[in-house]
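This report refers to the structure that appears directly beneath it.
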Amino acid sequence: MTGTSNQRADQVGVNPYTGSSGPLENYLNPAAFALPALGTLGNVRRNSLVGLLTWSFDVALSRAFQFREKQKFEFRAEAFNLTNSFRAGNPNNSLANNTFGQIRTSLDPRILQFALKYVF
C-alpha cells in the first residue's frame with residue numbers, strides 16, 4: 001500500500017529456507033515472512049534469496065560434406081539438457097498466494113534441433 005510496484009515482504013524469521021528442495025514442497029518458510037506495515041516498504045533486499053542450483057549438459061555437433069567443387073551440405077545437431085534431468089524452477093514469491101515458497105515449475109526438458117544447409 002505504498003504505491004510502488006514489486007513491494008517486498010518483511011523477513012521476521014532468521015532462516016527463510018526450510019531445507020526441502022523437492023517439487024511441490026515449501027522451499028521458502030512462509031512463517032519467516034510477513035506483510036510490511038501499511039505505508040512502509042519491506043526489509044527484504046532485492047536478490048537476497050536464491051533458488052535451487054541447476055545444471056544442464058548441452059551438446060552441438062556439425063559436419064560439412066563436400067558435394068562438388070563449390071557446393072557442400074552442412075549438417076548440424078544440437079541438444080539442450082541432453083540427460084533430460086529434472087531442473088526445478090524458482091519458488092513462488094507472492095505472499096498473497098497460498099503456494100508461497102513452493103516450487104511449482106520446472107525448466108525446459110530435453111530439446112533437440114537439427115539443420116541441413118546446402119551451400120552453393
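Chain lettering (A, B, ...) mirrors the order of the C-alpha cells, residue numbering begins at 1 for each chain separately, and ligand numbering begins at 1 in order of display.
By only C-alpha atoms, and with residues fewer than 2 positions from A:Arg76 along its chain excluded, the set lying at most 8 Å from it is Ala60, Leu61, Ser62, Arg63, Glu74, Glu78, Phe114, Ala115 and Leu116 of chain A.
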Q: Mind checking which residues fall within 9 Å of stretch 19-25 of chain A, counting only C-alpha atoms, ignoring those fewer than 6 positions away in the same chain, and posting them as an NGL selection string?
A: :A and (52 or 88-89 or 99 or 101-106)
Just the selected residues (N, CA and C atoms), exported as a JSON list (two decimals), in the first residue's frame, please.
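The file below, out23.json, is the result:
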[["chain", "number", "residue", "atom", "x", "y", "z"],
["A", 52, "LEU", "N", 17.08, -22.85, -6.20],
["A", 52, "LEU", "CA", 17.90, -24.06, -6.28],
["A", 52, "LEU", "C", 18.94, -23.94, -7.38],
["A", 88, "ALA", "N", 14.43, -27.90, -11.27],
["A", 88, "ALA", "CA", 13.33, -27.17, -10.64],
["A", 88, "ALA", "C", 13.44, -25.68, -10.92],
["A", 89, "GLY", "N", 12.28, -25.03, -11.04],
["A", 89, "GLY", "CA", 12.23, -23.59, -11.23],
["A", 89, "GLY", "C", 12.34, -22.88, -9.89],
["A", 99, "THR", "N", 0.37, -20.69, -2.40],
["A", 99, "THR", "CA", 1.51, -21.56, -2.72],
["A", 99, "THR", "C", 2.83, -20.83, -2.51],
["A", 101, "GLY", "N", 6.36, -19.89, -1.53],
["A", 101, "GLY", "CA", 7.52, -20.68, -1.13],
["A", 101, "GLY", "C", 7.60, -22.04, -1.77],
["A", 102, "GLN", "N", 6.55, -22.47, -2.49],
["A", 102, "GLN", "CA", 6.56, -23.79, -3.12],
["A", 102, "GLN", "C", 7.16, -23.71, -4.52],
["A", 103, "ILE", "N", 7.83, -24.77, -4.89],
["A", 103, "ILE", "CA", 8.38, -24.88, -6.24],
["A", 103, "ILE", "C", 7.33, -25.60, -7.08],
["A", 104, "ARG", "N", 6.70, -24.88, -8.00],
["A", 104, "ARG", "CA", 5.61, -25.43, -8.80],
["A", 104, "ARG", "C", 5.95, -25.45, -10.30],
["A", 105, "THR", "N", 7.17, -25.08, -10.66],
["A", 105, "THR", "CA", 7.55, -25.03, -12.07],
["A", 105, "THR", "C", 8.87, -25.77, -12.27],
["A", 106, "SER", "N", 9.17, -26.05, -13.53],
["A", 106, "SER", "CA", 10.45, -26.65, -13.86],
["A", 106, "SER", "C", 10.99, -25.97, -15.11]]
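Our summary of the geometry notes that atom CA of A:Ser48 is positioned 27.9 Å from atom CA of A:Pro109.
Proximity ranking of A:Thr83, A:Gln66, A:Asn6, A:Asn43 relative to A:Leu112 places A:Thr83 first, based on only C-alpha atoms.
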Residues of chain A in strand (DSSP E) according to DSSP, as an mmCIF file with N, CA, C and O atoms, in the first residue's frame?
data_model
loop_
_atom_site.group_PDB
_atom_site.id
_atom_site.type_symbol
_atom_site.label_atom_id
_atom_site.label_comp_id
_atom_site.auth_asym_id
_atom_site.auth_seq_id
_atom_site.Cartn_x
_atom_site.Cartn_y
_atom_site.Cartn_z
ATOM 1 N N ASP A 10 8.468 -8.307 4.741
ATOM 2 C CA ASP A 10 9.343 -8.209 5.914
ATOM 3 C C ASP A 10 9.800 -9.615 6.276
ATOM 4 O O ASP A 10 8.983 -10.538 6.348
ATOM 5 N N GLN A 11 11.089 -9.781 6.509
ATOM 6 C CA GLN A 11 11.596 -11.066 6.975
ATOM 7 C C GLN A 11 11.600 -11.026 8.486
ATOM 8 O O GLN A 11 12.322 -10.262 9.101
ATOM 9 N N PHE A 33 8.233 -14.856 6.889
ATOM 10 C CA PHE A 33 7.914 -13.615 6.191
ATOM 11 C C PHE A 33 6.563 -13.091 6.648
ATOM 12 O O PHE A 33 5.686 -13.857 7.035
ATOM 13 N N ALA A 34 6.412 -11.785 6.580
ATOM 14 C CA ALA A 34 5.146 -11.145 6.928
ATOM 15 C C ALA A 34 4.936 -9.941 6.030
ATOM 16 O O ALA A 34 5.901 -9.392 5.473
ATOM 17 N N VAL A 59 24.939 -30.008 -25.997
ATOM 18 C CA VAL A 59 25.873 -30.529 -26.984
ATOM 19 C C VAL A 59 25.480 -30.012 -28.366
ATOM 20 O O VAL A 59 24.293 -29.906 -28.673
ATOM 21 N N ALA A 60 26.489 -29.699 -29.169
ATOM 22 C CA ALA A 60 26.265 -29.330 -30.569
ATOM 23 C C ALA A 60 27.293 -30.050 -31.433
ATOM 24 O O ALA A 60 28.482 -30.077 -31.100
ATOM 25 N N LEU A 61 26.824 -30.646 -32.517
ATOM 26 C CA LEU A 61 27.695 -31.334 -33.469
ATOM 27 C C LEU A 61 27.401 -30.782 -34.853
ATOM 28 O O LEU A 61 26.252 -30.536 -35.206
ATOM 29 N N SER A 62 28.457 -30.602 -35.646
ATOM 30 C CA SER A 62 28.252 -30.151 -37.023
ATOM 31 C C SER A 62 29.254 -30.853 -37.921
ATOM 32 O O SER A 62 30.343 -31.231 -37.500
ATOM 33 N N ARG A 63 28.842 -30.997 -39.190
ATOM 34 C CA ARG A 63 29.708 -31.661 -40.161
ATOM 35 C C ARG A 63 29.397 -31.086 -41.530
ATOM 36 O O ARG A 63 28.230 -30.887 -41.875
ATOM 37 N N ALA A 64 30.432 -30.819 -42.301
ATOM 38 C CA ALA A 64 30.279 -30.332 -43.669
ATOM 39 C C ALA A 64 30.689 -31.443 -44.625
ATOM 40 O O ALA A 64 31.748 -32.058 -44.471
ATOM 41 N N PHE A 65 29.846 -31.721 -45.611
ATOM 42 C CA PHE A 65 30.110 -32.731 -46.633
ATOM 43 C C PHE A 65 30.303 -32.020 -47.965
ATOM 44 O O PHE A 65 29.387 -31.355 -48.446
ATOM 45 N N GLN A 66 31.485 -32.172 -48.558
ATOM 46 C CA GLN A 66 31.767 -31.559 -49.853
ATOM 47 C C GLN A 66 31.007 -32.335 -50.929
ATOM 48 O O GLN A 66 31.147 -33.551 -51.056
ATOM 49 N N PHE A 67 30.196 -31.645 -51.714
ATOM 50 C CA PHE A 67 29.383 -32.283 -52.731
ATOM 51 C C PHE A 67 30.029 -32.142 -54.112
ATOM 52 O O PHE A 67 30.203 -33.090 -54.835
ATOM 53 N N ARG A 68 30.376 -30.948 -54.459
ATOM 54 C CA ARG A 68 31.126 -30.655 -55.679
ATOM 55 C C ARG A 68 32.182 -29.637 -55.308
ATOM 56 O O ARG A 68 32.359 -29.313 -54.147
ATOM 57 N N GLN A 71 30.201 -26.665 -53.950
ATOM 58 C CA GLN A 71 28.933 -26.983 -53.307
ATOM 59 C C GLN A 71 29.184 -27.922 -52.136
ATOM 60 O O GLN A 71 30.042 -28.794 -52.200
ATOM 61 N N LYS A 72 28.416 -27.710 -51.092
ATOM 62 C CA LYS A 72 28.541 -28.602 -49.943
ATOM 63 C C LYS A 72 27.243 -28.606 -49.133
ATOM 64 O O LYS A 72 26.435 -27.679 -49.220
ATOM 65 N N PHE A 73 27.057 -29.679 -48.366
ATOM 66 C CA PHE A 73 25.970 -29.790 -47.408
ATOM 67 C C PHE A 73 26.557 -29.605 -46.016
ATOM 68 O O PHE A 73 27.619 -30.142 -45.703
ATOM 69 N N GLU A 74 25.870 -28.871 -45.183
ATOM 70 C CA GLU A 74 26.269 -28.726 -43.783
ATOM 71 C C GLU A 74 25.152 -29.289 -42.916
ATOM 72 O O GLU A 74 23.993 -28.900 -43.043
ATOM 73 N N PHE A 75 25.498 -30.220 -42.042
ATOM 74 C CA PHE A 75 24.544 -30.824 -41.113
ATOM 75 C C PHE A 75 24.886 -30.359 -39.709
ATOM 76 O O PHE A 75 26.053 -30.292 -39.325
ATOM 77 N N ARG A 76 23.870 -30.012 -38.924
ATOM 78 C CA ARG A 76 24.084 -29.559 -37.555
ATOM 79 C C ARG A 76 23.008 -30.179 -36.661
ATOM 80 O O ARG A 76 21.835 -30.195 -37.005
ATOM 81 N N ALA A 77 23.429 -30.680 -35.500
ATOM 82 C CA ALA A 77 22.516 -31.228 -34.496
ATOM 83 C C ALA A 77 22.863 -30.602 -33.152
ATOM 84 O O ALA A 77 24.035 -30.511 -32.787
ATOM 85 N N GLU A 78 21.836 -30.156 -32.447
ATOM 86 C CA GLU A 78 22.036 -29.545 -31.129
ATOM 87 C C GLU A 78 21.094 -30.200 -30.128
ATOM 88 O O GLU A 78 19.949 -30.514 -30.450
ATOM 89 N N ALA A 79 21.578 -30.386 -28.917
ATOM 90 C CA ALA A 79 20.768 -30.948 -27.834
ATOM 91 C C ALA A 79 20.960 -30.094 -26.594
ATOM 92 O O ALA A 79 22.090 -29.833 -26.182
ATOM 93 N N PHE A 80 19.861 -29.669 -26.025
ATOM 94 C CA PHE A 80 19.883 -28.895 -24.786
ATOM 95 C C PHE A 80 19.300 -29.772 -23.685
ATOM 96 O O PHE A 80 18.269 -30.410 -23.872
ATOM 97 N N ILE A 111 15.653 -30.707 -25.350
ATOM 98 C CA ILE A 111 15.254 -30.097 -26.621
ATOM 99 C C ILE A 111 16.301 -30.484 -27.655
ATOM 100 O O ILE A 111 17.495 -30.285 -27.443
ATOM 101 N N LEU A 112 15.843 -31.051 -28.769
ATOM 102 C CA LEU A 112 16.723 -31.428 -29.876
ATOM 103 C C LEU A 112 16.349 -30.595 -31.090
ATOM 104 O O LEU A 112 15.173 -30.363 -31.340
ATOM 105 N N GLN A 113 17.366 -30.161 -31.827
ATOM 106 C CA GLN A 113 17.096 -29.482 -33.091
ATOM 107 C C GLN A 113 18.158 -29.862 -34.108
ATOM 108 O O GLN A 113 19.321 -30.052 -33.770
ATOM 109 N N PHE A 114 17.708 -29.970 -35.352
ATOM 110 C CA PHE A 114 18.572 -30.392 -36.444
ATOM 111 C C PHE A 114 18.465 -29.398 -37.592
ATOM 112 O O PHE A 114 17.403 -28.799 -37.785
ATOM 113 N N ALA A 115 19.539 -29.261 -38.346
ATOM 114 C CA ALA A 115 19.533 -28.359 -39.510
ATOM 115 C C ALA A 115 20.368 -28.970 -40.610
ATOM 116 O O ALA A 115 21.382 -29.635 -40.371
ATOM 117 N N LEU A 116 19.921 -28.722 -41.836
ATOM 118 C CA LEU A 116 20.656 -29.155 -43.028
ATOM 119 C C LEU A 116 20.696 -27.969 -43.965
ATOM 120 O O LEU A 116 19.673 -27.366 -44.275
ATOM 121 N N LYS A 117 21.896 -27.594 -44.381
ATOM 122 C CA LYS A 117 22.077 -26.426 -45.236
ATOM 123 C C LYS A 117 22.843 -26.808 -46.490
ATOM 124 O O LYS A 117 23.839 -27.531 -46.424
ATOM 125 N N TYR A 118 22.364 -26.286 -47.632
ATOM 126 C CA TYR A 118 23.021 -26.509 -48.909
ATOM 127 C C TYR A 118 23.718 -25.210 -49.300
ATOM 128 O O TYR A 118 23.061 -24.185 -49.484
ATOM 129 N N VAL A 119 25.026 -25.233 -49.409
ATOM 130 C CA VAL A 119 25.814 -24.044 -49.742
ATOM 131 C C VAL A 119 26.303 -24.177 -51.180
ATOM 132 O O VAL A 119 26.902 -25.184 -51.547
#
Q: Record the distance separating atom CA of A:Pro30 and atom CA of A:Phe100, expressed in Å with one decimal.
A: 6.7 Å
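Atom CA of A:Leu35 lies 9.0 Å from atom CA of A:Ala96.
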